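**Q** This is final.csv (CSV, C-alpha atoms and all ligand atoms).
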```
chain,number,residue,atom,x,y,z
V,20,MET,CA,197.5,4.1,131.5
V,21,ALA,CA,200.9,5.6,130.6
V,22,ARG,CA,201.6,8.9,128.9
V,23,ILE,CA,203.4,9.1,125.5
V,24,PHE,CA,205.3,12.3,124.6
V,25,SER,CA,206.9,13.1,121.3
V,26,GLY,CA,208.1,16.2,119.5
V,27,ILE,CA,208.9,17.3,116.0
V,28,GLN,CA,210.7,20.4,114.8
V,29,PRO,CA,208.5,22.8,112.8
V,30,THR,CA,211.3,23.5,110.3
V,31,GLY,CA,211.0,22.6,106.7
V,32,ILE,CA,208.1,20.7,105.1
V,33,ALA,CA,207.5,17.2,106.5
V,34,THR,CA,208.8,14.5,104.2
V,35,LEU,CA,207.9,10.9,103.4
V,36,GLY,CA,210.7,10.0,105.9
V,37,ASN,CA,208.9,11.9,108.7
V,38,TYR,CA,205.7,10.3,107.7
V,39,LEU,CA,206.8,6.7,107.6
V,40,GLY,CA,209.3,7.1,110.4
V,41,ALA,CA,207.4,9.1,112.9
V,42,ILE,CA,204.0,10.6,112.0
V,43,ARG,CA,202.3,7.4,111.0
V,44,ASN,CA,203.4,5.8,114.2
V,45,TRP,CA,202.0,8.7,116.2
V,46,VAL,CA,198.7,8.3,114.5
V,47,ALA,CA,198.7,4.5,115.3
V,48,LEU,CA,199.6,5.2,119.0
V,49,GLN,CA,196.4,7.1,119.4
V,50,ASP,CA,194.6,3.7,119.3
V,51,SER,CA,196.5,2.5,122.4
V,52,ASP,CA,195.4,3.0,125.9
V,53,ASP,CA,198.0,5.6,126.5
V,54,GLU,CA,197.5,9.3,126.5
V,55,CYS,CA,199.3,11.0,123.6
V,56,VAL,CA,201.0,14.4,123.8
V,57,PHE,CA,202.5,15.6,120.5
V,58,CYS,CA,204.5,18.8,120.5
V,59,LEU,CA,205.8,21.2,117.7
V,60,VAL,CA,209.1,22.0,119.3
V,61,ASP,CA,209.6,25.6,118.2
V,62,LEU,CA,212.0,26.3,121.1
V,63,HIS,CA,214.2,23.6,119.7
V,64,ALA,CA,213.8,25.0,116.2
V,65,ILE,CA,215.4,28.4,117.1
V,66,THR,CA,218.6,26.7,118.3
V,67,VAL,CA,219.6,27.5,114.8
V,68,PHE,CA,218.4,30.8,113.3
V,69,GLN,CA,214.9,30.8,111.9
V,70,ASP,CA,213.4,33.6,109.9
V,71,PRO,CA,210.4,34.7,112.1
V,72,ALA,CA,207.8,34.7,109.3
V,73,ALA,CA,209.1,31.3,108.1
V,74,LEU,CA,208.9,29.8,111.6
V,75,ARG,CA,205.3,31.0,112.0
V,76,GLU,CA,204.4,29.6,108.6
V,77,GLN,CA,206.2,26.3,109.1
V,78,THR,CA,204.7,25.7,112.6
V,79,ARG,CA,201.3,26.0,111.0
V,80,GLN,CA,202.3,23.9,108.1
V,81,MET,CA,203.6,21.1,110.4
V,82,ALA,CA,200.4,21.3,112.5
V,83,ALA,CA,198.3,21.1,109.3
V,84,VAL,CA,200.3,18.1,108.1
V,85,LEU,CA,199.9,16.2,111.4
V,86,LEU,CA,196.2,16.8,111.4
V,87,ALA,CA,195.9,15.8,107.8
V,88,CYS,CA,197.8,12.6,108.5
V,89,GLY,CA,195.2,11.7,111.2
V,90,ILE,CA,196.4,13.2,114.5
V,91,ASP,CA,193.1,13.8,116.2
V,92,PRO,CA,193.0,16.8,118.6
V,93,ALA,CA,190.0,15.2,120.3
V,94,ARG,CA,192.0,12.2,121.3
V,95,SER,CA,195.6,13.6,121.5
V,96,ILE,CA,197.1,16.8,122.8
V,97,LEU,CA,198.7,18.7,119.9
V,98,PHE,CA,200.4,22.1,120.7
V,99,HIS,CA,203.4,24.3,120.2
V,100,GLN,CA,206.1,24.1,122.8
V,101,SER,CA,206.5,27.9,123.3
V,102,ALA,CA,202.9,28.2,124.4
V,103,VAL,CA,203.5,26.1,127.6
V,104,SER,CA,206.1,27.9,129.7
V,105,ALA,CA,206.6,24.8,131.9
V,106,HIS,CA,209.0,23.5,129.2
V,107,ALA,CA,211.4,26.4,129.5
V,108,ARG,CA,211.2,26.6,133.3
V,109,LEU,CA,212.0,22.9,133.7
V,110,ALA,CA,214.7,23.1,131.0
V,111,TRP,CA,216.4,25.8,133.1
V,112,ILE,CA,216.4,23.6,136.2
V,113,PHE,CA,217.8,20.7,134.0
V,114,ASN,CA,220.5,23.0,132.7
V,115,CYS,CA,221.7,23.1,136.3
V,116,VAL,CA,221.4,19.4,136.8
V,117,SER,CA,222.9,18.1,133.6
V,118,ARG,CA,226.7,18.1,133.3
V,119,ILE,CA,228.9,19.7,130.6
V,120,GLY,CA,230.7,16.3,130.2
V,121,TRP,CA,227.4,14.6,129.4
V,122,LEU,CA,226.5,17.2,126.7
V,123,ASN,CA,230.0,16.9,125.3
V,124,ARG,CA,229.3,13.3,124.3
V,125,MET,CA,226.1,14.1,122.3
V,126,THR,CA,226.8,13.0,118.7
V,127,GLN,CA,223.9,15.1,117.3
V,128,PHE,CA,225.5,18.2,118.6
V,129,LYS,CA,228.9,17.2,117.1
V,130,ASP,CA,227.2,16.6,113.8
V,131,LYS,CA,225.1,19.8,113.8
V,132,ALA,CA,227.9,22.0,115.1
V,133,GLY,CA,230.4,20.6,112.6
V,134,LYS,CA,233.9,22.2,112.5
V,135,ASP,CA,232.7,25.5,113.8
V,136,ARG,CA,231.8,24.6,117.4
V,137,GLU,CA,232.6,28.0,118.8
V,138,ALA,CA,230.1,29.7,116.6
V,139,VAL,CA,226.9,27.8,117.2
V,140,SER,CA,224.3,29.0,119.7
V,141,THR,CA,224.4,27.9,123.3
V,142,GLY,CA,220.9,26.8,122.8
V,143,LEU,CA,222.1,24.1,120.4
V,144,TYR,CA,224.4,22.8,123.1
V,145,VAL,CA,221.7,22.5,125.7
V,146,TYR,CA,219.1,21.2,123.2
V,147,PRO,CA,219.1,17.8,124.9
V,148,ASN,CA,218.3,19.3,128.3
V,149,LEU,CA,215.3,21.0,126.9
V,150,MET,CA,214.2,17.7,125.3
V,151,ALA,CA,214.5,16.0,128.7
V,152,ALA,CA,212.3,18.8,130.1
V,153,ASP,CA,209.7,18.3,127.4
V,154,ILE,CA,209.3,14.7,128.4
V,155,HIS,CA,209.6,14.9,132.2
V,156,ALA,CA,207.3,17.9,132.5
V,157,TYR,CA,204.5,15.4,131.7
V,158,HIS,CA,205.8,12.5,133.6
V,159,ALA,CA,205.7,10.8,130.2
V,160,THR,CA,207.2,7.3,130.3
V,161,LYS,CA,207.0,6.3,126.6
V,162,VAL,CA,208.7,8.3,123.9
V,163,PRO,CA,208.5,7.3,120.3
V,164,VAL,CA,211.6,8.4,118.4
V,165,GLY,CA,213.9,7.4,115.6
V,166,ASP,CA,217.1,5.7,116.6
V,167,ASP,CA,219.1,8.9,116.1
V,168,GLN,CA,217.4,10.2,119.3
V,169,LEU,CA,218.2,7.3,121.6
V,170,GLN,CA,221.3,9.1,123.0
V,171,HIS,CA,219.1,12.0,124.0
V,172,LEU,CA,216.7,9.8,125.8
V,173,GLU,CA,219.5,8.1,127.8
V,174,LEU,CA,220.6,11.6,128.8
V,175,ALA,CA,217.0,12.4,129.8
V,176,ASN,CA,217.1,9.4,132.1
V,177,ASP,CA,220.5,10.4,133.5
V,178,ILE,CA,219.2,13.9,134.3
V,179,ALA,CA,216.1,12.6,136.0
V,180,GLU,CA,218.2,10.2,138.1
V,181,LYS,CA,220.6,13.0,139.1
V,182,PHE,CA,217.6,15.3,140.0
V,183,ASN,CA,216.0,12.5,142.0
V,184,HIS,CA,219.3,11.9,143.8
V,185,ASP,CA,220.3,15.5,144.4
V,186,PHE,CA,216.8,16.4,145.8
V,187,SER,CA,216.2,13.1,147.6
V,188,THR,CA,213.1,12.2,145.7
V,189,ALA,CA,211.7,9.7,143.2
V,190,PHE,CA,209.8,12.5,141.5
V,191,PHE,CA,210.8,11.8,137.8
V,192,PRO,CA,210.1,8.3,136.4
V,193,ARG,CA,212.3,6.5,134.0
V,194,ILE,CA,211.4,6.8,130.4
V,195,GLU,CA,211.4,4.1,127.8
V,196,PRO,CA,212.0,4.7,124.1
V,197,LEU,CA,209.6,3.3,121.6
V,198,VAL,CA,212.0,2.8,118.7
V,199,LEU,CA,210.7,2.7,115.3
V,200,LYS,CA,211.6,-0.2,113.1
V,201,GLU,CA,214.6,-0.2,110.8
V,202,SER,CA,212.3,-0.7,107.8
V,203,ALA,CA,210.7,2.7,108.6
V,204,ARG,CA,214.0,4.5,107.8
V,205,VAL,CA,213.6,6.2,104.4
V,206,MET,CA,216.7,7.2,102.5
V,207,SER,CA,217.4,10.1,100.1
V,208,LEU,CA,216.2,9.5,96.5
V,209,ARG,CA,219.6,10.8,95.3
V,210,ASP,CA,221.9,8.8,97.7
V,211,GLY,CA,220.8,5.6,99.3
V,212,ALA,CA,223.4,6.1,102.1
V,213,LYS,CA,221.8,9.3,103.4
V,214,LYS,CA,218.6,9.8,105.3
V,215,MET,CA,215.8,11.5,103.5
V,216,SER,CA,215.7,14.9,105.2
V,217,LYS,CA,213.8,18.1,105.1
V,218,SER,CA,217.0,20.0,105.4
V,219,ASP,CA,218.8,18.4,102.4
V,220,PRO,CA,219.7,21.2,100.0
V,221,SER,CA,218.3,19.2,97.0
V,222,ASP,CA,214.5,19.0,96.9
V,223,GLN,CA,214.9,16.1,94.4
V,224,SER,CA,216.2,14.0,97.4
V,225,ARG,CA,212.9,13.9,99.1
V,226,ILE,CA,209.1,13.5,98.7
V,227,ASN,CA,207.4,16.3,100.6
V,228,LEU,CA,204.0,15.5,102.0
V,229,THR,CA,202.7,18.6,100.2
V,230,ASP,CA,204.1,17.6,96.8
V,231,GLY,CA,201.5,17.3,94.0
V,232,ALA,CA,201.0,14.2,91.8
V,233,ASP,CA,203.2,15.4,89.0
V,234,MET,CA,206.0,16.3,91.3
V,235,ILE,CA,205.9,12.9,93.1
V,236,ALA,CA,205.9,11.1,89.7
V,237,ALA,CA,208.8,13.2,88.4
V,238,LYS,CA,210.9,12.7,91.6
V,239,ILE,CA,210.4,8.9,91.6
V,240,ARG,CA,211.2,8.8,87.8
V,241,ARG,CA,214.5,10.6,88.5
V,242,ALA,CA,215.3,8.7,91.7
V,243,LYS,CA,218.8,7.1,91.6
V,244,THR,CA,218.8,3.4,90.9
V,245,ASP,CA,221.3,0.9,89.4
V,246,PRO,CA,221.2,-0.9,86.0
V,247,GLU,CA,220.3,-4.4,87.3
V,248,PRO,CA,216.8,-5.8,87.3
V,249,LEU,CA,215.1,-6.3,90.7
V,250,PRO,CA,216.2,-9.4,92.4
V,251,GLU,CA,214.2,-12.3,93.9
V,252,HIS,CA,215.5,-12.1,97.5
V,253,VAL,CA,215.7,-9.3,100.0
V,254,HIS,CA,219.3,-10.2,100.9
V,255,ASP,CA,220.3,-9.5,97.3
V,256,LEU,CA,219.5,-5.9,98.0
V,257,SER,CA,222.1,-5.5,100.7
V,258,GLU,CA,224.7,-4.0,98.3
V,259,ARG,CA,222.0,-1.9,96.4
V,260,PRO,CA,221.0,0.8,98.8
V,261,GLU,CA,218.9,2.8,96.3
V,262,ALA,CA,216.9,-0.3,95.2
V,263,ARG,CA,216.5,-1.4,98.8
V,264,ASN,CA,215.1,2.1,99.7
V,265,LEU,CA,212.6,2.2,96.9
V,266,ILE,CA,211.4,-1.4,97.7
V,267,GLY,CA,211.2,-0.4,101.3
V,268,ILE,CA,209.1,2.7,100.5
V,269,TYR,CA,206.7,0.7,98.3
V,270,ALA,CA,206.4,-2.0,101.0
V,271,ALA,CA,205.7,0.6,103.8
V,272,ILE,CA,203.2,2.5,101.7
V,273,THR,CA,201.2,-0.6,100.6
V,274,GLY,CA,201.4,-2.4,103.9
V,275,GLN,CA,203.5,-5.3,102.6
V,276,LYS,CA,206.8,-6.9,103.5
V,277,PRO,CA,209.8,-6.2,101.2
V,278,HIS,CA,209.9,-9.9,100.2
V,279,GLU,CA,206.3,-9.8,99.1
V,280,VAL,CA,207.1,-6.7,96.9
V,281,LEU,CA,210.1,-8.5,95.4
V,282,HIS,CA,208.1,-11.6,94.8
V,283,HIS,CA,205.9,-9.5,92.6
V,284,PHE,CA,208.6,-7.4,90.8
V,285,ALA,CA,211.5,-9.9,90.6
V,286,GLY,CA,213.2,-9.7,87.2
V,287,SER,CA,211.5,-6.4,86.3
V,288,GLY,CA,213.5,-3.3,85.5
V,289,PHE,CA,213.1,-0.1,87.5
V,290,GLY,CA,210.9,1.6,84.8
V,291,PRO,CA,207.7,-0.4,85.5
V,292,PHE,CA,208.4,-0.6,89.2
V,293,LYS,CA,208.8,3.1,89.5
V,294,GLU,CA,205.5,3.7,87.8
V,295,LYS,CA,203.7,1.5,90.3
V,296,LEU,CA,205.6,3.1,93.2
V,297,ALA,CA,204.6,6.6,92.0
V,298,ASP,CA,201.0,5.5,91.7
V,299,ALA,CA,201.0,4.1,95.2
V,300,LEU,CA,202.6,7.2,96.7
V,301,ILE,CA,200.2,9.5,94.9
V,302,ALA,CA,197.2,7.5,96.0
V,303,HIS,CA,198.4,7.6,99.6
V,304,LEU,CA,199.8,11.2,99.8
V,305,GLU,CA,197.3,13.2,97.6
V,306,PRO,CA,194.5,13.1,100.2
V,307,ILE,CA,197.0,14.1,102.9
V,308,GLY,CA,198.2,17.0,100.7
V,309,ALA,CA,194.6,18.1,100.0
V,310,LYS,CA,193.7,18.1,103.7
V,311,THR,CA,196.8,19.9,104.6
V,312,ARG,CA,195.9,22.7,102.1
V,313,GLU,CA,192.4,22.8,103.6
V,314,TYR,CA,193.8,23.3,107.2
V,315,LEU,CA,196.3,25.9,105.9
V,316,ALA,CA,193.5,27.9,104.2
V,317,ASP,CA,192.2,28.8,107.7
V,318,PRO,CA,195.2,29.7,109.9
V,319,THR,CA,193.0,31.2,112.6
V,320,SER,CA,191.3,27.8,113.2
V,321,LEU,CA,194.6,26.1,113.1
V,322,ASP,CA,196.0,28.5,115.8
V,323,HIS,CA,192.9,27.8,117.9
V,324,ILE,CA,193.4,24.0,117.7
V,325,LEU,CA,197.0,24.5,118.9
V,326,GLN,CA,196.0,26.9,121.6
V,327,ALA,CA,193.4,24.5,123.0
V,328,GLY,CA,196.0,21.8,122.9
V,329,ALA,CA,198.4,24.1,124.8
V,330,ARG,CA,195.8,24.7,127.6
V,331,ARG,CA,195.4,20.9,128.0
V,332,ALA,CA,199.2,20.4,128.0
V,333,ALA,CA,199.7,23.2,130.6
V,334,ALA,CA,197.1,21.6,132.8
V,335,ILE,CA,199.3,18.5,133.0
V,336,ALA,CA,202.7,20.1,133.0
V,337,GLU,CA,202.1,23.1,135.3
V,338,PRO,CA,201.6,21.2,138.5
V,339,ILE,CA,204.5,18.8,137.7
V,340,VAL,CA,206.9,21.7,137.1
V,341,VAL,CA,205.6,23.7,140.1
V,342,GLU,CA,206.5,20.6,142.2
V,343,ALA,CA,209.9,20.4,140.7
V,344,GLU,CA,210.4,24.1,141.5
V,345,ARG,CA,209.4,23.4,145.1
V,346,LEU,CA,211.7,20.5,145.4
V,347,VAL,CA,214.6,22.7,144.1
V,348,GLY,CA,213.8,25.2,146.9
V,349,PHE,CA,212.0,28.0,145.1
V,350,LEU,CA,209.4,29.9,147.1
V,351,PRO,CA,205.8,29.4,145.9
V,352,ARG,CA,204.8,31.6,142.9
V,353,GLY,CA,201.6,32.6,144.7
E,1,LIG,P1,213.4,15.6,111.9
E,1,LIG,O1,212.9,15.8,110.5
E,1,LIG,O2,214.9,15.3,111.9
E,1,LIG,O3,213.0,16.7,112.8
E,1,LIG,O4,212.7,14.3,112.5
E,1,LIG,C1,211.4,14.2,113.0
E,1,LIG,C2,211.0,12.8,113.2
E,1,LIG,O5,211.0,12.1,111.9
E,1,LIG,C3,212.0,12.0,114.1
E,1,LIG,O6,211.3,11.0,114.8
E,1,LIG,C4,212.9,11.3,113.0
E,1,LIG,O7,213.4,10.1,113.5
E,1,LIG,C5,211.9,11.0,111.9
E,1,LIG,N1,212.5,11.0,110.6
E,1,LIG,C6,213.1,12.0,110.0
E,1,LIG,N2,213.7,11.6,108.8
E,1,LIG,C7,213.4,10.3,108.6
E,1,LIG,C8,213.7,9.3,107.6
E,1,LIG,N3,214.3,9.7,106.5
E,1,LIG,N4,213.3,8.1,107.8
E,1,LIG,C9,212.6,7.7,108.9
E,1,LIG,N5,212.3,8.6,109.9
E,1,LIG,C10,212.7,9.9,109.8
E,2,LIG,N1,214.9,16.2,119.1
E,2,LIG,C1,213.8,15.5,118.5
E,2,LIG,C2,214.1,15.3,117.0
E,2,LIG,O1,214.9,16.0,116.4
E,2,LIG,C3,212.5,16.3,118.6
E,2,LIG,C4,212.1,16.4,120.0
E,2,LIG,C5,212.1,17.5,120.9
E,2,LIG,C6,211.6,15.3,120.8
E,2,LIG,N2,211.6,17.2,122.1
E,2,LIG,C7,211.3,15.9,122.1
E,2,LIG,C8,211.3,14.0,120.5
E,2,LIG,C9,210.8,15.1,123.1
E,2,LIG,C10,210.8,13.2,121.6
E,2,LIG,C11,210.5,13.7,122.9
E,2,LIG,O2,213.5,14.4,116.4
```
Will you turn the file into structure tokens for me?
**A**
Amino acid sequence: MARIFSGIQPTGIATLGNYLGAIRNWVALQDSDDECVFCLVDLHAITVFQDPAALREQTRQMAAVLLACGIDPARSILFHQSAVSAHARLAWIFNCVSRIGWLNRMTQFKDKAGKDREAVSTGLYVYPNLMAADIHAYHATKVPVGDDQLQHLELANDIAEKFNHDFSTAFFPRIEPLVLKESARVMSLRDGAKKMSKSDPSDQSRINLTDGADMIAAKIRRAKTDPEPLPEHVHDLSERPEARNLIGIYAAITGQKPHEVLHHFAGSGFGPFKEKLADALIAHLEPIGAKTREYLADPTSLDHILQAGARRAAAIAEPIVVEAERLVGFLPRG
């Protein structure tokens, strides 16, 4: 049995992109023989400023969404990162193992920092070291992520290798990414070249998992398309990113292959197709939205679920991080 670890930032409302690209895979992984540890990474979230009340609310909201989508706290460990101090302690050790030159190559940092690199938090810079600590604190070996996180996982392996080398040990295992399929990448409803994102300024660009039926229908109706009817073959979509995206969403949500969807809709305009797409999305997402609202109506119970998860997480991470501290040369905490 291996251990799986993954994290999601509790910032913004989860989107259809998060659902098809990450959450749905997490739910499926629960049926494997591996132990699943899923973390709401609030320490990562504050690498850019978060309003405290909003962070609290969004952490509960993300927990509610994950539970509503089928993360089962009886089978998986679900918790908030800040509740398990082992993450921050190992991250500090990794800050001292990782190299400035390594972090300078991280493309996500370059993207997030943009032109004003001097003004972002130092936390944003060492974000990948904390992510390495998240995984290694559990000796997790399988990490489901989107392809945008692969560079961070390579860094996590580099850090573990250097730690093992510096302290003459084989304590941290190599980790293996479980990369999600290309078809699971959901693009913006306004721009087929951009990823659907919970941080996009336009709410019209995304379907939120908490959107009601009318909202979903309206967003799909207004989704960007082109004037051509739907083609017969998938390869005819290659120059039509918006059409390809909508077909991809319909396929993913109905459990079909894109060519099967095209087989059914070839020659049709977007009007009738969008209606069917909206119906399918509403049928799939409405129960999730309803369950999410149920969980959110009782924040105390939600907090208790996360706290129980944190105790189970700590029971795994604590001895691993205590051993890392010993290897580094710290005296026993007593
Ligand atoms: P983020 O919303 O960037 O914190 O991402 C959380 C998880 O959802 C990561 O595993 C991402 O790879 C995944 N994800 C986010 N947006 C999308 C998208 N538009 N399509 C597919 N996966 C996504
Ligand atoms: N950085 C990841 C993301 O933005 C979230 C994350 C934090 C994570 N710690 C992790 C993912 C550990 C996998 C494993 O998607």
**Q** Of the candidates V:Glu54, V:Asp91, V:Asp153, V:Asp245, which one gets nearest to ligand LIG 2 (chain E) if we count all atoms listed in the file?
**A** V:Asp153
**Q** At a cut-off of 7 Å around ligand LIG 2 (chain E), and using all atoms listed in the file, what residues come up? Please write them as a list in words.
**A**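 Counting only what the definition allows, namely all atoms listed in the file, the set is Phe24, Ser25, Gly26, Ile27, Gln28, Val60, His63, Met150, Ala151, Asp153, Ile154, Val162, Pro163, Val164 and Gln168 of chain V.
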**Q** So the first atom is CA of Asp167 (chain V) and the second is CA of Asn227 (chain V); what is the distance between them in Å, to one decimal place?
**A**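 About the pair CA of Asp167 (chain V) and CA of Asn227 (chain V): they are 20.8 Å apart.
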**Q** Please compute the CA of Asp130 (chain V)-CA of Glu258 (chain V) distance, one decimal, in Å.
**A**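 Between CA of Asp130 (chain V) and CA of Glu258 (chain V) the gap is 25.9 Å.
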**Q** Counting all atoms listed in the file, figure out which residue out of V:Val139, V:Cys88, V:Val116, V:Ile235 gets nearest to Ile65 (chain V).
**A** V:Val139
